[in-house]
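Content type mmCIF, C-alpha atoms, from the file protein_4.cif:
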data_data
#
loop_
_atom_site.label_atom_id
_atom_site.label_comp_id
_atom_site.auth_asym_id
_atom_site.auth_seq_id
_atom_site.Cartn_x
_atom_site.Cartn_y
_atom_site.Cartn_z
CA MET A 6 -52.72 5.96 78.49
CA PRO A 7 -56.35 7.05 77.93
CA THR A 8 -58.82 6.68 80.76
CA PRO A 9 -62.61 6.55 80.68
CA ASP A 10 -64.28 9.88 81.45
CA PRO A 11 -67.46 8.98 83.36
CA ILE A 12 -66.78 7.92 86.95
CA ASP A 13 -69.13 4.95 86.55
CA ALA A 14 -66.85 3.65 83.82
CA GLY A 15 -63.97 3.37 86.28
CA SER A 16 -60.42 4.37 85.56
CA ILE A 17 -57.00 2.99 84.71
CA ALA A 18 -53.59 4.40 85.58
CA VAL A 19 -50.22 3.22 84.31
CA ALA A 20 -46.91 3.99 86.04
CA VAL A 21 -43.48 2.80 84.90
CA GLU A 22 -40.47 2.60 87.21
CA HIS A 23 -37.30 0.51 87.05
CA GLY A 24 -38.61 -1.36 84.01
CA VAL A 25 -41.85 -2.33 85.78
CA ALA A 26 -45.19 -1.11 84.39
CA THR A 27 -47.91 -1.05 87.03
CA VAL A 28 -51.45 -1.12 85.67
CA SER A 29 -53.97 -0.02 88.30
CA PHE A 30 -57.71 -0.21 87.73
CA SER A 31 -60.44 1.26 89.86
CA HIS A 32 -64.22 1.37 90.03
CA PRO A 33 -66.36 2.87 92.79
CA LYS A 34 -68.46 -0.29 93.07
CA GLY A 35 -66.01 -2.83 94.43
CA ASN A 36 -63.59 -2.49 91.52
CA SER A 37 -66.17 -4.11 89.26
CA LEU A 38 -65.66 -4.32 85.51
CA PRO A 39 -67.99 -2.44 83.13
CA GLY A 40 -67.45 -2.72 79.40
CA ALA A 41 -65.52 0.54 79.06
CA LEU A 42 -63.02 -0.50 81.71
CA LEU A 43 -62.57 -3.91 80.12
CA GLY A 44 -61.88 -2.24 76.78
CA HIS A 45 -59.26 0.05 78.29
CA LEU A 46 -57.59 -2.84 80.07
CA ALA A 47 -57.26 -4.75 76.80
CA THR A 48 -55.82 -1.76 74.90
CA THR A 49 -53.47 -0.99 77.79
CA PHE A 50 -52.00 -4.49 77.74
CA ASP A 51 -51.61 -4.31 73.96
CA ALA A 52 -49.85 -0.94 74.19
CA LEU A 53 -47.46 -2.21 76.88
CA ALA A 54 -46.64 -5.26 74.76
CA THR A 55 -44.58 -3.10 72.40
CA SER A 56 -43.32 -0.50 74.90
CA ASN A 57 -39.56 -0.32 75.37
CA ASP A 58 -39.91 1.33 78.79
CA SER A 59 -40.99 -1.79 80.67
CA GLN A 60 -40.01 -5.44 80.75
CA VAL A 61 -42.60 -6.74 83.24
CA ILE A 62 -46.18 -5.74 84.11
CA VAL A 63 -47.94 -5.65 87.49
CA LEU A 64 -51.74 -5.72 87.49
CA ARG A 65 -53.42 -4.36 90.59
CA SER A 66 -56.56 -2.54 91.71
CA GLU A 67 -57.00 0.47 93.93
CA GLY A 68 -58.33 0.75 97.46
CA THR A 69 -58.29 -1.63 100.41
CA GLY A 70 -61.50 -3.55 99.71
CA ALA A 71 -62.11 -6.05 96.95
CA PHE A 72 -59.49 -6.74 94.32
CA CYS A 73 -62.27 -7.11 91.76
CA GLY A 74 -66.03 -7.45 92.01
CA GLY A 75 -66.35 -9.06 88.58
CA ALA A 76 -68.85 -8.02 85.92
CA SER A 77 -70.70 -4.77 86.52
CA PHE A 78 -74.22 -5.63 87.68
CA ASP A 79 -75.43 -2.23 86.47
CA GLU A 80 -74.28 -3.10 82.98
CA LEU A 81 -75.65 -6.63 83.16
CA ARG A 82 -79.06 -5.21 84.00
CA SER A 83 -78.86 -2.85 81.01
CA ILE A 84 -78.40 -5.63 78.42
CA ARG A 85 -81.49 -5.78 76.19
CA ASP A 86 -80.57 -8.20 73.40
CA ALA A 87 -78.11 -10.92 72.45
CA ALA A 88 -75.90 -8.52 70.48
CA GLN A 89 -75.42 -6.32 73.53
CA GLY A 90 -74.76 -9.38 75.64
CA LEU A 91 -72.16 -10.67 73.22
CA GLU A 92 -70.39 -7.31 73.17
CA PHE A 93 -70.28 -6.99 76.95
CA PHE A 94 -68.96 -10.49 77.63
CA SER A 95 -66.53 -10.18 74.72
CA GLY A 96 -64.81 -7.52 76.82
CA PHE A 97 -63.57 -10.25 79.16
CA ALA A 98 -62.39 -12.28 76.15
CA ARG A 99 -60.40 -9.34 74.81
CA VAL A 100 -58.65 -8.74 78.13
CA ILE A 101 -57.72 -12.40 78.58
CA LEU A 102 -56.41 -12.63 75.02
CA ALA A 103 -54.43 -9.40 75.41
CA MET A 104 -52.80 -10.74 78.57
CA ARG A 105 -52.08 -14.10 76.95
CA ARG A 106 -50.41 -12.63 73.85
CA ASN A 107 -48.40 -10.00 75.74
CA PRO A 108 -44.76 -11.16 75.58
CA LYS A 109 -43.98 -9.79 79.05
CA PHE A 110 -44.66 -11.54 82.33
CA ILE A 111 -47.77 -10.20 84.06
CA LEU A 112 -47.84 -10.34 87.85
CA ALA A 113 -51.18 -9.95 89.64
CA ARG A 114 -51.32 -8.24 93.05
CA VAL A 115 -54.47 -9.51 94.78
CA HIS A 116 -55.18 -7.60 97.99
CA GLY A 117 -58.79 -8.67 98.64
CA ARG A 118 -61.70 -10.69 97.34
CA ALA A 119 -61.94 -11.58 93.65
CA VAL A 120 -65.29 -12.54 92.13
CA GLY A 121 -66.20 -13.97 88.71
CA GLY A 122 -64.32 -12.06 86.04
CA GLY A 123 -61.85 -10.93 88.69
CA VAL A 124 -60.81 -14.55 89.17
CA GLY A 125 -60.35 -14.68 85.40
CA LEU A 126 -57.95 -11.72 85.56
CA VAL A 127 -55.90 -13.45 88.25
CA ALA A 128 -55.78 -16.68 86.25
CA ALA A 129 -54.73 -14.81 83.10
CA ALA A 130 -51.69 -13.42 84.90
CA ASP A 131 -48.47 -15.41 84.69
CA TYR A 132 -47.85 -15.16 88.43
CA ALA A 133 -50.19 -14.07 91.23
CA LEU A 134 -49.37 -12.87 94.73
CA ALA A 135 -52.13 -12.38 97.30
CA THR A 136 -52.89 -11.49 100.88
CA GLU A 137 -54.48 -13.94 103.30
CA ASN A 138 -57.88 -12.23 102.95
CA ALA A 139 -57.90 -12.65 99.16
CA GLN A 140 -60.82 -15.04 98.82
CA VAL A 141 -62.14 -16.15 95.41
CA ARG A 142 -65.60 -17.03 94.16
CA LEU A 143 -67.26 -17.85 90.84
CA SER A 144 -70.78 -16.54 91.38
CA GLU A 145 -72.08 -16.66 87.80
CA LEU A 146 -74.43 -19.61 88.30
CA ALA A 147 -76.22 -17.65 91.03
CA VAL A 148 -77.30 -15.06 88.45
CA GLY A 149 -78.38 -17.56 85.83
CA ILE A 150 -75.27 -17.77 83.67
CA GLY A 151 -71.93 -19.51 84.11
CA PRO A 152 -68.20 -18.69 84.02
CA PHE A 153 -68.10 -19.40 80.31
CA VAL A 154 -65.62 -16.77 79.08
CA VAL A 155 -63.26 -16.93 82.05
CA GLY A 156 -63.64 -20.70 82.36
CA PRO A 157 -60.91 -21.71 79.92
CA VAL A 158 -58.25 -19.50 81.53
CA ILE A 159 -59.17 -20.59 85.06
CA GLU A 160 -59.21 -24.26 84.05
CA HIS A 161 -55.86 -23.77 82.28
CA LYS A 162 -54.40 -22.38 85.50
CA ILE A 163 -55.86 -24.66 88.20
CA GLY A 164 -57.10 -27.75 86.36
CA ARG A 165 -60.56 -29.04 85.56
CA GLY A 166 -61.26 -30.55 88.97
CA HIS A 167 -60.61 -27.36 90.93
CA PHE A 168 -62.38 -25.27 88.31
CA SER A 169 -65.52 -27.40 88.19
CA ALA A 170 -65.80 -27.37 91.99
CA LEU A 171 -65.35 -23.61 92.13
CA ALA A 172 -67.91 -23.05 89.39
CA ALA A 173 -70.53 -25.53 90.58
CA ASP A 174 -71.12 -24.54 94.20
CA PHE A 175 -70.19 -20.83 93.90
CA ASP A 176 -68.93 -20.75 97.51
CA TRP A 177 -66.08 -18.56 98.72
CA ARG A 178 -62.66 -20.21 98.76
CA ASP A 179 -59.94 -18.81 100.99
CA ALA A 180 -56.44 -17.81 99.94
CA ALA A 181 -55.00 -21.08 101.24
CA TRP A 182 -57.29 -23.01 98.87
CA ALA A 183 -56.31 -20.74 95.98
CA ARG A 184 -52.63 -21.24 96.80
CA GLN A 185 -53.04 -25.02 96.94
CA ALA A 186 -54.89 -24.92 93.60
CA ALA A 187 -52.02 -22.88 92.08
CA LEU A 188 -54.19 -19.84 91.35
CA TYR A 189 -51.93 -17.91 93.73
CA SER A 190 -48.18 -18.44 93.65
CA ARG A 191 -47.53 -16.77 97.00
CA VAL A 192 -49.72 -15.65 99.91
CA LYS A 193 -48.57 -13.08 102.47
CA ASP A 194 -50.12 -11.94 105.74
CA SER A 195 -50.29 -8.22 104.92
CA THR A 196 -50.18 -5.81 102.00
CA ILE A 197 -46.86 -4.51 103.32
CA ALA A 198 -45.32 -7.98 103.12
CA LEU A 199 -47.05 -8.57 99.79
CA ASP A 200 -45.66 -5.41 98.23
CA ALA A 201 -42.14 -6.10 99.49
CA VAL A 202 -42.08 -9.50 97.80
CA LEU A 203 -43.85 -8.22 94.68
CA ASP A 204 -41.48 -5.27 94.20
CA ALA A 205 -38.39 -7.44 94.59
CA LEU A 206 -39.74 -10.08 92.19
CA ALA A 207 -40.86 -7.56 89.57
CA ARG A 208 -37.48 -5.80 89.55
CA LYS A 209 -35.64 -9.13 89.31
CA ILE A 210 -37.77 -10.24 86.37
CA ALA A 211 -37.34 -6.83 84.70
CA ARG A 212 -33.60 -7.52 84.53
CA SER A 213 -34.15 -10.86 82.80
CA ASN A 214 -33.74 -11.64 79.11
CA PRO A 215 -36.91 -10.44 77.33
CA ASP A 216 -36.44 -12.99 74.54
CA ALA A 217 -36.36 -15.79 77.10
CA MET A 218 -39.53 -14.44 78.73
CA ARG A 219 -41.28 -14.32 75.38
CA GLU A 220 -40.43 -17.96 74.71
CA MET A 221 -41.47 -18.95 78.23
CA LYS A 222 -44.86 -17.32 77.76
CA ARG A 223 -45.36 -19.29 74.57
CA MET A 224 -44.62 -22.38 76.60
CA PHE A 225 -46.96 -21.35 79.45
CA TRP A 226 -49.87 -20.81 77.06
CA ARG A 227 -49.37 -23.78 74.78
CA GLY A 228 -52.66 -25.41 73.88
CA THR A 229 -54.71 -22.21 74.01
CA GLU A 230 -54.57 -21.40 70.32
CA ALA A 231 -58.31 -22.03 69.86
CA TRP A 232 -59.21 -19.35 72.39
CA ASP A 233 -59.32 -16.63 69.71
CA THR A 234 -62.56 -18.26 68.59
CA LEU A 235 -63.66 -20.17 71.70
CA LEU A 236 -63.85 -17.20 74.08
CA PHE A 237 -66.15 -15.26 71.77
CA GLU A 238 -68.36 -18.32 71.33
CA ARG A 239 -68.56 -18.49 75.11
CA ALA A 240 -69.35 -14.74 75.23
CA ALA A 241 -72.32 -15.38 72.95
CA THR A 242 -73.54 -18.09 75.34
CA SER A 243 -73.36 -15.74 78.31
CA GLY A 244 -74.99 -12.97 76.29
CA ARG A 245 -77.91 -15.25 75.50
CA LEU A 246 -78.33 -16.63 79.02
CA ILE A 247 -78.29 -13.22 80.71
CA LEU A 248 -81.57 -12.49 78.88
CA SER A 249 -83.31 -15.54 80.38
CA ASN A 250 -86.14 -15.08 82.87
CA PHE A 251 -84.04 -16.73 85.57
CA ALA A 252 -81.15 -14.31 85.08
CA GLN A 253 -83.38 -11.26 84.87
CA GLU A 254 -85.18 -12.21 88.09
CA ALA A 255 -81.87 -12.87 89.84
CA LEU A 256 -80.48 -9.51 88.76
CA ALA A 257 -83.66 -7.76 89.88
CA ALA A 258 -83.41 -9.44 93.30
CA LEU A 259 -79.79 -8.31 93.64
CA SER A 260 -80.74 -4.74 92.76
CA ARG A 261 -83.32 -4.77 95.56
CA GLY A 262 -80.63 -5.84 97.96
#
Taking this structure as input, can you express it in the form of structure tokens?
Amino acid sequence: MPTPDPIDAGSIAVAVEHGVATVSFSHPKGNSLPGALLGHLATTFDALATSNDSQVIVLRSEGTGAFCGGASFDELRSIRDAAQGLEFFSGFARVILAMRRNPKFILARVHGRAVGGGVGLVAAADYALATENAQVRLSELAVGIGPFVVGPVIEHKIGRGHFSALAADFDWRDAAWARQAALYSRVKDSTIALDAVLDALARKIARSNPDAMREMKRMFWRGTEAWDTLLFERAATSGRLILSNFAQEALAALSRG
């Protein structure tokens, strides 16, 4: 699989063993998601969709800190017009759609905090396992936008009530809340325990009937057919709002620490 060259673009590694493809992403700033990394995630999921070497996919990030810091603030600050904004936020749309249309089950391994677009990645997985310190937060409103692109997949996973609460007050929610809301399927007290359960589950699923999994995924994602248009419309909304005075001032304040 290709990986981005500049370190600020982050990196992706793919390893296949016992029919399980593990997709690991990394970025030096809290495993955040710049546009290049989003693009490589989408193409990686599409490539694995037709690979005969794996029957199930595990999505994880590197390190022991955050699972995902969400959208790259450096890239958000670099957006100068609506076209650039649309392109950047469309990266999240492409990843979500690639995960949705992949016929293989995708399991998310969440070892730490997930923010914004990182919550969207977890929701786009078919099954998520997390550690007890894996808090979640939708912080978009704090920077003058909203969780528009990731909103549909999060709402699809946890329901409108949980999603609207998470989006409106942009507070941290703990792993117990995420488990109760069905964002996480299992929560374990350590990464060792997490990996033991994840490895056993992934290998078991890898031995399952791939045709049955394909039909199950169609069932899981029923009602999302409009997303091929909707998510890009939402990306345009985010791309426009990030140019507002409110958003620009919020980003400038964050850059000053």
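Here, the PyMOL selection byres ((chain A and resi 188) around 8) matches Val127, Ala128, Ala133, Lys162, Ile163, Ala183, Arg184, Gln185, Ala186, Ala187, Tyr189 and Ser190 of chain A.
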Dump as a short mmCIF file (atom, residue, chain, number, x, y, z; two decimals), keeping the file's coordinate frame, selection limited to C-alpha atoms:
data_model
loop_
_atom_site.label_atom_id
_atom_site.label_comp_id
_atom_site.auth_asym_id
_atom_site.auth_seq_id
_atom_site.Cartn_x
_atom_site.Cartn_y
_atom_site.Cartn_z
CA VAL A 127 -55.90 -13.45 88.25
CA ALA A 128 -55.78 -16.68 86.25
CA ALA A 133 -50.19 -14.07 91.23
CA LYS A 162 -54.40 -22.38 85.50
CA ILE A 163 -55.86 -24.66 88.20
CA ALA A 183 -56.31 -20.74 95.98
CA ARG A 184 -52.63 -21.24 96.80
CA GLN A 185 -53.04 -25.02 96.94
CA ALA A 186 -54.89 -24.92 93.60
CA ALA A 187 -52.02 -22.88 92.08
CA TYR A 189 -51.93 -17.91 93.73
CA SER A 190 -48.18 -18.44 93.65
#
Show me, as JSON lines, the residues of segment 95-145 of chain A having an atom within 7 Å of segment 70-74 of chain A, each with the closest atom pair and its distance in Å, using all atoms listed in the file.
{"residue": "A:Val115", "atom": "CA", "partner": "A:Phe72", "partner_atom": "CA", "distance": 5.8}
{"residue": "A:His116", "atom": "CA", "partner": "A:Phe72", "partner_atom": "CA", "distance": 5.7}
{"residue": "A:Gly117", "atom": "CA", "partner": "A:Ala71", "partner_atom": "CA", "distance": 4.6}
{"residue": "A:Arg118", "atom": "CA", "partner": "A:Ala71", "partner_atom": "CA", "distance": 4.7}
{"residue": "A:Ala119", "atom": "CA", "partner": "A:Cys73", "partner_atom": "CA", "distance": 4.9}
{"residue": "A:Val120", "atom": "CA", "partner": "A:Gly74", "partner_atom": "CA", "distance": 5.1}
{"residue": "A:Gly123", "atom": "CA", "partner": "A:Cys73", "partner_atom": "CA", "distance": 4.9}
Resulting file, chosen residues, C-alpha atoms, as a compact mmCIF listing (two decimals), in the coordinates of the input:
# COMPACT_ATOMS: atom_id res chain seq x y z
CA VAL A 115 -54.47 -9.51 94.78
CA HIS A 116 -55.18 -7.60 97.99
CA GLY A 117 -58.79 -8.67 98.64
CA ARG A 118 -61.70 -10.69 97.34
CA ALA A 119 -61.94 -11.58 93.65
CA VAL A 120 -65.29 -12.54 92.13
CA GLY A 123 -61.85 -10.93 88.69
Answer key for the PyMOL selection byres ((chain A and resi 91) around 8), residues as a VMD selection string: chain A and resid 87 to 90 92 to 95 237 240 to 245
message: Going by the chain IDs and residue numbers used in this file, which residues fall under the PyMOL selection byres ((chain A and resi 39-49) around 7)? Write them as a list in words.
response: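 The output of the PyMOL selection byres ((chain A and resi 39-49) around 7) on this file is Pro9, Ala14, Gly15, Ser16, Ser37, Leu38, Phe50, Asp51, Ala52, Leu53, Ala76, Ser77, Glu80, Phe93, Gly96, Phe97, Arg99, Val100 and Ala103 of chain A.
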task: Would you kindly return, as a list in words, each protein, DNA or RNA residue with an atom no farther than 8 Å from any atom of Asp176 of chain A, considering only C-alpha atoms and excluding same-chain residues fewer than 3 positions away?
output: Arg142, Leu143, Ser144 and Leu171 of chain A
- request: Could you tell me which of A:Pro157, A:Gly24, A:Pro33, A:Gly121 comes closest to Val141 of chain A if we count all atoms listed in the file?
  value: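 Distance minimum relative to Val141 of chain A lands on A:Gly121.
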field: Best match for closeness to Trp226 of chain A among A:Ala211, A:Ala113, A:Ile84, A:Val158, counting all atoms listed in the file
entry: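 Closest to Trp226 of chain A of all the choices is A:Val158.
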Residues near Ala198 of chain A, cut-off 12 Å, all atoms listed in the file, skip fewer than 2 positions along chain, as a list in words: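 Contacts, in chain order: Arg114, His116, Leu134, Ala135, Thr136, Glu137, Arg191, Val192, Lys193, Asp194, Ser195, Thr196, Asp200, Ala201, Val202, Leu203, Asp204 and Ala205 of chain A.
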Edge lengths and centre in Å, axis-aligned, segment 193-205 of chain A plus 3 Å each side, as AutoDock Vina command-line options:
--center_x -44.3 --center_y -8.8 --center_z 100.0 --size_x 17.9 --size_y 14.6 --size_z 17.5
Computed interatomic separation between atom CA of Arg212 of chain A and atom CA of His23 of chain A (Å):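 About the pair atom CA of Arg212 of chain A and atom CA of His23 of chain A: they are 9.2 Å apart.
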query: Out of A:Asn107, A:Ser56, A:Thr69, A:Ser29, which residue has the shortest atom-to-atom distance to Met218 of chain A when counting all atoms listed in the file?
result: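 The answer is A:Asn107, which sits nearest to Met218 of chain A.
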Coordinates-based distance that separates atom CA of Ala147 of chain A from atom CA of Leu102 of chain A (Å, one decimal): 26.0 Å
task: For each of A:Glu238, A:Asp131, A:Glu160, A:Glu22, take the minimum atom-to-atom distance to Arg219 of chain A, counting only C-alpha atoms, then give the residue where this is smallest.
output: A:Asp131
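Picture a line from atom CA of His161 of chain A to atom CA of Thr229 of chain A; it runs 8.5 Å.
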- prompt: Using all atoms listed in the file, which of A:Leu81, A:Ala130, A:Ala180, A:Val61 sits nearest Glu145 of chain A?
  reply: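 Selected residue with least distance to Glu145 of chain A: A:Leu81.
Residue nearest Trp182 of chain A within the list A:Arg85, A:Ala139, A:Val154, A:Pro215: A:Ala139 [criterion: smallest interatomic distance, all atoms listed in the file].
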- prompt: Contacts of Asp216 of chain A at 9 Å or less, counting only C-alpha atoms, minus same-chain residues fewer than 4 places along, as a list in words?
  reply: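 Those residues are Pro108, Glu220 and Met221 of chain A.
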